[in-house]
Amino acid sequence: MSEAISLLAQEKGLSEDALLHVLVDALASAYKRRPDAADEVVVEVNPETMDFTFIGYDVDEDGNWVNERDDTPKKEEMGRIAAQTFRQVMSQRIREVESDRKFEEYANREGDIVTGIIQRTDARYTLLDLGRAEALLPQAEQVPFERPDQGERQKAYIVEVRRTPKGPQIVVSRTHPGLIKRLFELEVPEIADGIVEIKACAREPGHRTKIAVWSNDHNVDPVGACVGARGGRVRMVVNEMRGEKIDIVPFSEDINDFVAKALSPAKVTQVIISDDGTQADVIVPDHQLSLAIGREGQNARLAARLTGVRVDIRSETQLAEGIPSGGRDEENVEYADGQWVANKETGEMEWHASDGSVISESAWQDQAAAEAAAQRQANRDAEDAAAAAGESELPAGAHAPLEDPNEAPEGYPIKGNTDSMKFHMPDGRYYKVTVAEVWFDTEESAAAAGYQKVGSPG
């Protein structure tokens, strides 16, 4: 019996004491299935001899346990039903103990990283096999466009451990900034030893990450320690993150210096911090403006998250011309923030605004075209109103050219040239090469204005 308990404990990964408690609970449940069983029973076991003792009790009207007696049954007295009960309870208790052990094992590991094997992937989540447990990687915690193959090994960051009826549920993430910090701890001994610290981390998963590092030893370069010889250390982290770019900048307690370094690789001329310390006005050379802002504002956005202050960037020329921070010279103008994201099903680019609205690229273009058409119509209406009021120099039935002098305004198909005092019909020979200085709606209005019709197309 002792050998069987020991082997079962090794197989299930449990301690022998925990397994003995399970065995005692199962025996107590099996005992109560006897017809003449006491109201309550306490099962005691001798770990050395594996002898079991059943102490029976009766329960009085007040709920007290009375009439203590030794009611240890003989093996042949337990019966088939009691044996089945023992087997069922034993299996159930073992599963519960295993579940509790797994929960306790991972409950204290929130904020740590684990390595698992991709077991299954669908539109909602990915399952990682961690060995004795499974981890759930939800779609929201996955890096966009990252499609690992089944059976591939992958590291993930534990964000939550939940207790469920089916056992512990371990929720992991590939987008959490803590994943970057933990990976650097694995690759950089100075970080694991506490010599180098990661003070701040800003990340746009799948695209770019910025980390600010600080050294507690003036003899150790924090950036060099993280980069490693020939970039070997940071390259290991980049490879694990499937090529995500990582910028490593030195942390500084001087906010001006920190903001300037956070905008790396751009070179900063001047940093002006607001009185409340929440906004930074950054001046860069003209040729560094686009580099400082980054693609779709990514570099400036990550620098702002890393430093905790709002960053507005201007070039030296914009500063000299008096253009306000952010290049905005209009008052009370709202600028929508967001980013372009590719639709996973159609592949079409979509604009995800900060207010939660989403618009496709084709709808965006249609909207822009409609706004431009509305503006052109408004210009036409203004010109017609001015002509009707006698405030326009154009003759009746005429229209001035718009942005494109070769584009016929709606309802004005006849093109007039003021230099030659000729007008050209839509089917005329020189219709596409003559620059219009005025458009007419009819031949009569052109003739009334003193223009003559060009000869036949031939």
# chains A, B, ... in the order shown; residues from 1 in each chain; ligands from 1
$ select_by_dssp --residues "region 15-149 of chain A" --states "strand (DSSP E)" --output "VMD selection string"
chain A and resid 40 to 45 52 to 59 65 to 70 113 to 121 125 to 129 134 to 138
$ atom_distance --atom1 "CA of Val24 (chain A)" --atom2 "CA of Val42 (chain A)"
8.7 Å
$ residues_around --residues "Gln119 (chain A)" --least-positions-apart "6" --cutoff "10 Å" --atoms "only C-alpha atoms" --output "list in words"
Thr126, Leu127, Leu128, Asp129, Leu130, Glu134, Ala135, Asp149, Gln150, Gly151, Glu152 and Arg153 of chain A
$ atom_distance --atom1 "CA of Gln365 (chain A)" --atom2 "CA of Glu348 (chain A)"
12.7 Å
$ residues_around --residues "Arg208 (chain A)" --least-positions-apart "3" --cutoff "9 Å" --atoms "only C-alpha atoms" --output "list of chain:residue names"
A:Ala202, A:Arg203, A:Glu204, A:Pro205, A:Glu244, A:Lys245, A:Ile246, A:Asp247, A:Gln298, A:Asn299, A:Leu302
$ write_last_selection --atoms "all heavy atoms" --output "compact mmCIF listing (two decimals), in the first residue's frame"
# COMPACT_ATOMS: atom_id res chain seq x y z
N ALA A 202 7.64 52.00 -23.69
CA ALA A 202 6.48 52.37 -24.52
C ALA A 202 6.49 51.48 -25.75
O ALA A 202 7.54 51.33 -26.39
CB ALA A 202 6.54 53.84 -24.90
N ARG A 203 5.34 50.95 -26.09
CA ARG A 203 5.33 49.93 -27.14
C ARG A 203 4.10 50.05 -28.02
O ARG A 203 3.00 50.31 -27.53
CB ARG A 203 5.37 48.54 -26.50
CG ARG A 203 5.47 47.40 -27.50
CD ARG A 203 5.48 46.07 -26.80
NE ARG A 203 5.55 44.99 -27.79
CZ ARG A 203 5.17 43.74 -27.57
NH1 ARG A 203 4.69 43.41 -26.39
NH2 ARG A 203 5.26 42.83 -28.52
N GLU A 204 4.31 49.87 -29.31
CA GLU A 204 3.23 49.63 -30.27
C GLU A 204 3.48 48.24 -30.84
O GLU A 204 4.34 48.07 -31.71
CB GLU A 204 3.20 50.71 -31.36
CG GLU A 204 2.77 52.07 -30.83
CD GLU A 204 2.44 53.05 -31.93
OE1 GLU A 204 2.60 52.69 -33.11
OE2 GLU A 204 2.03 54.17 -31.60
N PRO A 205 2.77 47.23 -30.34
CA PRO A 205 3.09 45.83 -30.64
C PRO A 205 3.17 45.56 -32.14
O PRO A 205 2.32 45.98 -32.92
CB PRO A 205 1.92 45.06 -30.01
CG PRO A 205 1.41 45.96 -28.94
CD PRO A 205 1.59 47.36 -29.46
N GLU A 244 10.27 43.06 -34.40
CA GLU A 244 9.79 44.35 -33.89
C GLU A 244 10.99 45.25 -33.55
O GLU A 244 11.91 44.83 -32.85
CB GLU A 244 8.93 44.13 -32.65
CG GLU A 244 8.34 45.39 -32.06
CD GLU A 244 7.40 45.10 -30.91
OE1 GLU A 244 6.61 44.14 -31.03
OE2 GLU A 244 7.45 45.81 -29.90
N LYS A 245 10.99 46.48 -34.04
CA LYS A 245 12.11 47.39 -33.81
C LYS A 245 12.13 47.85 -32.36
O LYS A 245 11.09 48.15 -31.78
CB LYS A 245 12.00 48.60 -34.75
CG LYS A 245 12.12 48.25 -36.23
CD LYS A 245 12.00 49.48 -37.10
CE LYS A 245 12.09 49.11 -38.57
NZ LYS A 245 11.95 50.31 -39.45
N ILE A 246 13.33 47.93 -31.79
CA ILE A 246 13.49 48.32 -30.39
C ILE A 246 14.52 49.43 -30.30
O ILE A 246 15.67 49.27 -30.74
CB ILE A 246 13.91 47.13 -29.52
CG1 ILE A 246 12.84 46.03 -29.57
CG2 ILE A 246 14.16 47.56 -28.09
CD1 ILE A 246 13.20 44.79 -28.79
N ASP A 247 14.12 50.58 -29.76
CA ASP A 247 15.02 51.71 -29.50
C ASP A 247 15.37 51.71 -28.02
O ASP A 247 14.48 51.67 -27.16
CB ASP A 247 14.36 53.04 -29.87
CG ASP A 247 14.10 53.15 -31.37
OD1 ASP A 247 14.74 52.40 -32.12
OD2 ASP A 247 13.25 53.97 -31.77
N GLN A 298 4.60 57.99 -35.30
CA GLN A 298 4.91 56.92 -34.35
C GLN A 298 6.04 57.29 -33.40
O GLN A 298 5.96 57.05 -32.19
CB GLN A 298 5.26 55.65 -35.11
CG GLN A 298 5.48 54.44 -34.23
CD GLN A 298 5.89 53.22 -35.03
OE1 GLN A 298 7.02 53.13 -35.51
NE2 GLN A 298 4.98 52.29 -35.20
N ASN A 299 7.13 57.89 -33.91
CA ASN A 299 8.28 58.20 -33.06
C ASN A 299 7.89 59.22 -31.98
O ASN A 299 8.24 59.07 -30.81
CB ASN A 299 9.43 58.74 -33.91
CG ASN A 299 10.73 58.80 -33.15
OD1 ASN A 299 11.19 57.81 -32.60
ND2 ASN A 299 11.33 59.98 -33.10
N LEU A 302 5.51 57.50 -29.34
CA LEU A 302 6.20 56.64 -28.39
C LEU A 302 7.05 57.45 -27.42
O LEU A 302 7.14 57.10 -26.23
CB LEU A 302 7.08 55.63 -29.15
CG LEU A 302 6.35 54.51 -29.88
CD1 LEU A 302 7.32 53.67 -30.69
CD2 LEU A 302 5.61 53.62 -28.89
$ residues_around --residues "Asp70 (chain A)" --least-positions-apart "4" --cutoff "9 Å" --atoms "only C-alpha atoms" --output "MDAnalysis selection string"
chainID A and resid 53:56
$ closest_residue --among "A:Thr418, A:Thr209, A:Asn239, A:Gln139" --to "Arg124 (chain A)" --atoms "only C-alpha atoms"
A:Gln139
$ residues_around --residues "Ser315 (chain A)" --least-positions-apart "3" --cutoff "9 Å" --atoms "only C-alpha atoms" --output "VMD selection string"
chain A and resid 282 to 289 318 to 320
$ closest_residue --among "A:Lys181, A:Lys453, A:His424, A:Arg33" --to "Ile113 (chain A)" --atoms "only C-alpha atoms"
A:Lys181
$ residues_around --residues "Glu187 (chain A)" --least-positions-apart "5" --cutoff "8 Å" --atoms "only C-alpha atoms" --output "list in words"
Arg233, Val234, Met236 and Val237 of chain A
